[in-house]
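Each remark here refers to the structure printed beneath this line.
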2 protein chains.
Amino acid sequence: MDGLLTSEHDAVTVIAPAGGDALHRLAALLDADLAATNDTIVARMASEVDLIPQLAAHLIAAGGKRLRPLLTLAAARLCGYQGDRHIRLAACVEFIHTATLLHDDVVDESDLRRGLASANAVFGNKASVLVGDFLFARAFELMVADGSLEVLRILSSASATIAEGEVLQLSTQNDLGTDIPRYFRVIEGKTAALFAAACEVGAVVAQRDPALCAALAAYGSALGMAFQLVDDALDYAADQGELGKTVGDDFREGKLTYPVLTAYAAGDAAERAFWHRTIELGEQTGADLATALDLIGRHDAIGRTIDRAHGFANAAKAALAIFPDDPVRSLMMDAADYAVSRRH
Amino acid sequence: MDGLLTSEHDAVTVIAPAGGDALHRLAALLDADLAATNDTIVARMASEVDLIPQLAAHLIAAGGKRLRPLLTLAAARLCGYQGDRHIRLAACVEFIHTATLLHDDVVDESDLRRGLASANAVFGNKASVLVGDFLFARAFELMVADGSLEVLRILSSASATIAEGEVLQLSTQNDLGTDIPRYFRVIEGKTAALFAAACEVGAVVAQRDPALCAALAAYGSALGMAFQLVDDALDYAADQGELGKTVGDDFREGKLTYPVLTAYAAGDAAERAFWHRTIELGEQTGADLATALDLIGRHDAIGRTIDRAHGFANAAKAALAIFPDDPVRSLMMDAADYAVSRRH
């Protein structure tokens with residue numbers, strides 16, 4: 001299975017040097033813009049209330065992949081934008097993303113009862129929620145200072161869609177009755193909406209015509225779908241020793257993702273009983289993850305997930321055909337391939 | 001103690017008939033606008049994701065006091081506004097308020113360990129967070145549709161201030177080193193900021209000059225301070241049998257409010273040891289609330305809290321002096337008195 005995910009590329013790091021995978025190379029090309037975005041992020045998460053920068057820094061300043069702001073910067077560059085508004089808007093996009101991460105860290109009482117640890121263990125649920133709220137509000141303050149109602153429209157709409165996607169995911173959790181269209185609605189909301197908005201905003205600041213704005217939104221959306229499908233595949237396939245997610249997190253949380261839905265649909269009665277017990281009832285023992293991986297392998301569920309991701313990556317590349325050939329366009333197309341080939 | 005809070009007024013209910021306290025009478029005067037605001041609220045909290053309207057209805061449609069949207073409607077009316085934008089913006093204000101309530105419901109692991117129940121028990125932490133996020137994003141979508149960057153500026157700034165106030169409250173929880181200025185910063189953020197913004201927005205849609213907008217913001221801010229001080233007093237004084245808060249919630253949560261800070265500052269060594277154990281260490285037994293109430297009574301801490309609230313109510317009324325005499329202005333002034341005299 002792992003072979004399907006083989007890649008010669010390295011892990012994504014912050015403002016990477018040239019060389020390496022498509023995202024490294026895109027980040028290197030946009031190095032100055034990314035550095036300016038980082039400065040804006042650090043400056044604007046400041047607050048007299050100490051806990052805010054402390055907790056925000058935990059996620060932001062420590063450096064994430066900066067994937068979404070990178071998309072805003074790349075889209076603006078692809079559209080020939082010469083100003084500096086894209087810097088501030090890239091920071092907004094990262095604030096919204098970080099707010100959703102903080103809110104995703106919130107743990108339910110039931111999870112606590114089941115002994116699931118959380119990334120927010122240091123600070124607690126409440127701090128995660130409130131600092132997320134601050135970053136979300138700060139993102140809107142930055143957009144208001146930028147002054148484009150169109151940008152505000154795109155990012156407020158994306159924010160509502162993200163929340164809907166997350167609530168839908170919560171509703172489908174532990175529910176094997178979830179079908180593929182519903183799963184796609186979840187990941188469109190929780191992932192693709194912000195990828196799409198991040199790209200579209202870059203075209204909007206460049207004041208390009210609606211067709212180009214829509215093309216970049218389509219690119220971002222398809223790229224987000226590919227990324228999320230591969231994330232969901234890696235949760236059952238990633239090499240435990242590598243950087244990134246631990247295998248089995250989604251399994252332990254009872255998340256209905258493409259690999260599980262595929263294996264469940266193809267499974268016999270005994271297999272379905274296994275998924276029912278482990279995912280729907282959440283009754284898991286130490287050996288269950290190995291069984292889950294085995295069933296997923298038996299039905300080539302990782303391969304089929306990656307195939308779907310390939311389809312979205314191709315759609316992402318096709319959406320950029322409207323733009324003339326250009327180094328940024330090439331790297332954005334390569335990024336779509338990388339979304340599928342990456343191992344973490 | 002209770003005598004200080006004596007009032008002949010009834011509880012605030014949704015869109016009340018004429019008669020009764022100042023808020024009832026203000027709501028009666030703005031009856032048609034409030035009904036239209038309710039319709040907008042119900043229409044705009046719709047989502048294809050069922051859990052969203054379910055949970056939102058739990059808080060919104062069931063009917064809260066609608067105090068903040070009432071302020072927006074009243075401010076617009078006081079400014080002679082004739083259009084209908086204030087309806088949508090009043091709904092935005094209520095959405096932001098409801099989002100903060102939902103996020104306030106989130107329970108920390110430590111609270112669970114201490115056995116504190118929460119209002120979100122039915123739906124869980126995660127649902128509260130995500131539906132709050134949806135309402136917050138939806139509020140911004142509505143503001144974008146309205147199209148005023150000034151309104152967006154006011155409400156995004158208020159939202160950031162609310163989050164800062166809530167985080168500061170979290171930082172001061174269980175900390176008897178909190179001083180009065182710090183307590184005021186907390187309630188300015190968590191309560192007064194949205195009261196101020198709700199009022200200011202009403203003046204902004206009426207396109208009145210900056211002095212009038214600022215006067216309404218000052219009225220709202222002072223009114224919010226008075227309301228919160230009285231809320232904090234009622235938590236140690238309200239008649240358990242009445243509608244509204246249960247006595248002792250803040251005590252059990254270790255919240256540092258004006259009555260406690262006052263009693264602590266005036267207390268002797270034995271009293272301070274009591275507060276240290278019950279508030280800072282959170283070690284409470286069944287008899288402690290009665291002792292707390294006794295100490296608070298001994299130092300007239302409720303009376304001193306209400307005195308402070310009176311000061312803010314007077315400031316609120318003074319801020320309206322810039323407007324000509326008018327039935328709406330009179331009721332808004334009466335509302336400031338009611339904020340102090342209410343019993344729940």
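How things are named: the first chain in the structure tokens is A, the next is B, and so on; residues count from 1 in each chain; ligands count from 1 in the order shown.
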For Leu67 of chain B, find every residue with an atom within 12 Å (counting only C-alpha atoms), except residues of its own chain fewer than 3 positions away, and show them as a PyMOL selection string.
chain B and resi 12-16+22-24+26-27+34+63-64+70-74+90-91+93-94+97-98+191+194-195+198-199+220+223-224+227+332+335+339
Near chain A, which residues of chain B fall within 7 Å when you count only C-alpha atoms, and what do they look like as an NGL selection string?
:B and (49 or 103 or 106-109 or 124-127 or 129-131 or 133-134 or 137-138 or 140-141 or 144 or 149 or 152-153 or 156-157 or 159-160 or 163-164 or 166-168)
What's around Arg277 of chain B at 12 Å? Count only C-alpha atoms, leave out sequence neighbours fewer than 2 positions away in its own chain, and write the answer as a list in words.
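Close residues of Arg277 of chain B: Asn174, Asp175, Leu176, Phe251, Arg252, Gly254, Ala270, Glu271, Arg272, Ala273, Phe274, Trp275, Ile279, Glu280, Leu281, Gly282, Glu283, Gln284, Thr285, Asp288 and Ala292 of chain B.
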Limited to C-alpha atoms, could you put the picked residues into a file as a tab-separated table (two decimals), in the first residue's frame?
chain	number	residue	atom	x	y	z
B	174	ASN	CA	-9.14	31.59	40.84
B	175	ASP	CA	-6.60	34.44	41.21
B	176	LEU	CA	-7.23	36.61	44.26
B	251	PHE	CA	-18.55	31.19	43.57
B	252	ARG	CA	-18.45	27.55	42.49
B	254	GLY	CA	-14.01	30.54	41.27
B	270	ALA	CA	-9.23	34.26	58.61
B	271	GLU	CA	-11.57	35.55	55.93
B	272	ARG	CA	-8.77	35.74	53.41
B	273	ALA	CA	-7.84	32.16	54.21
B	274	PHE	CA	-11.45	31.20	53.50
B	275	TRP	CA	-11.38	32.91	50.09
B	279	ILE	CA	-11.69	30.49	45.28
B	280	GLU	CA	-7.99	30.02	44.62
B	281	LEU	CA	-7.74	26.34	45.46
B	282	GLY	CA	-11.34	25.59	44.50
B	283	GLU	CA	-11.76	23.42	47.60
B	284	GLN	CA	-15.40	23.89	48.56
B	285	THR	CA	-17.79	22.07	50.83
B	288	ASP	CA	-19.03	27.36	52.09
B	292	ALA	CA	-19.31	33.41	51.45
Just the helix (DSSP H, G or I) stuff from segment 58-255 of chain B, please, per backbone DSSP, written as a ChimeraX atom specification.
/B:58-59,67-78,85-104,109-113,119-122,125-146,149-172,180-205,210-234,249-253
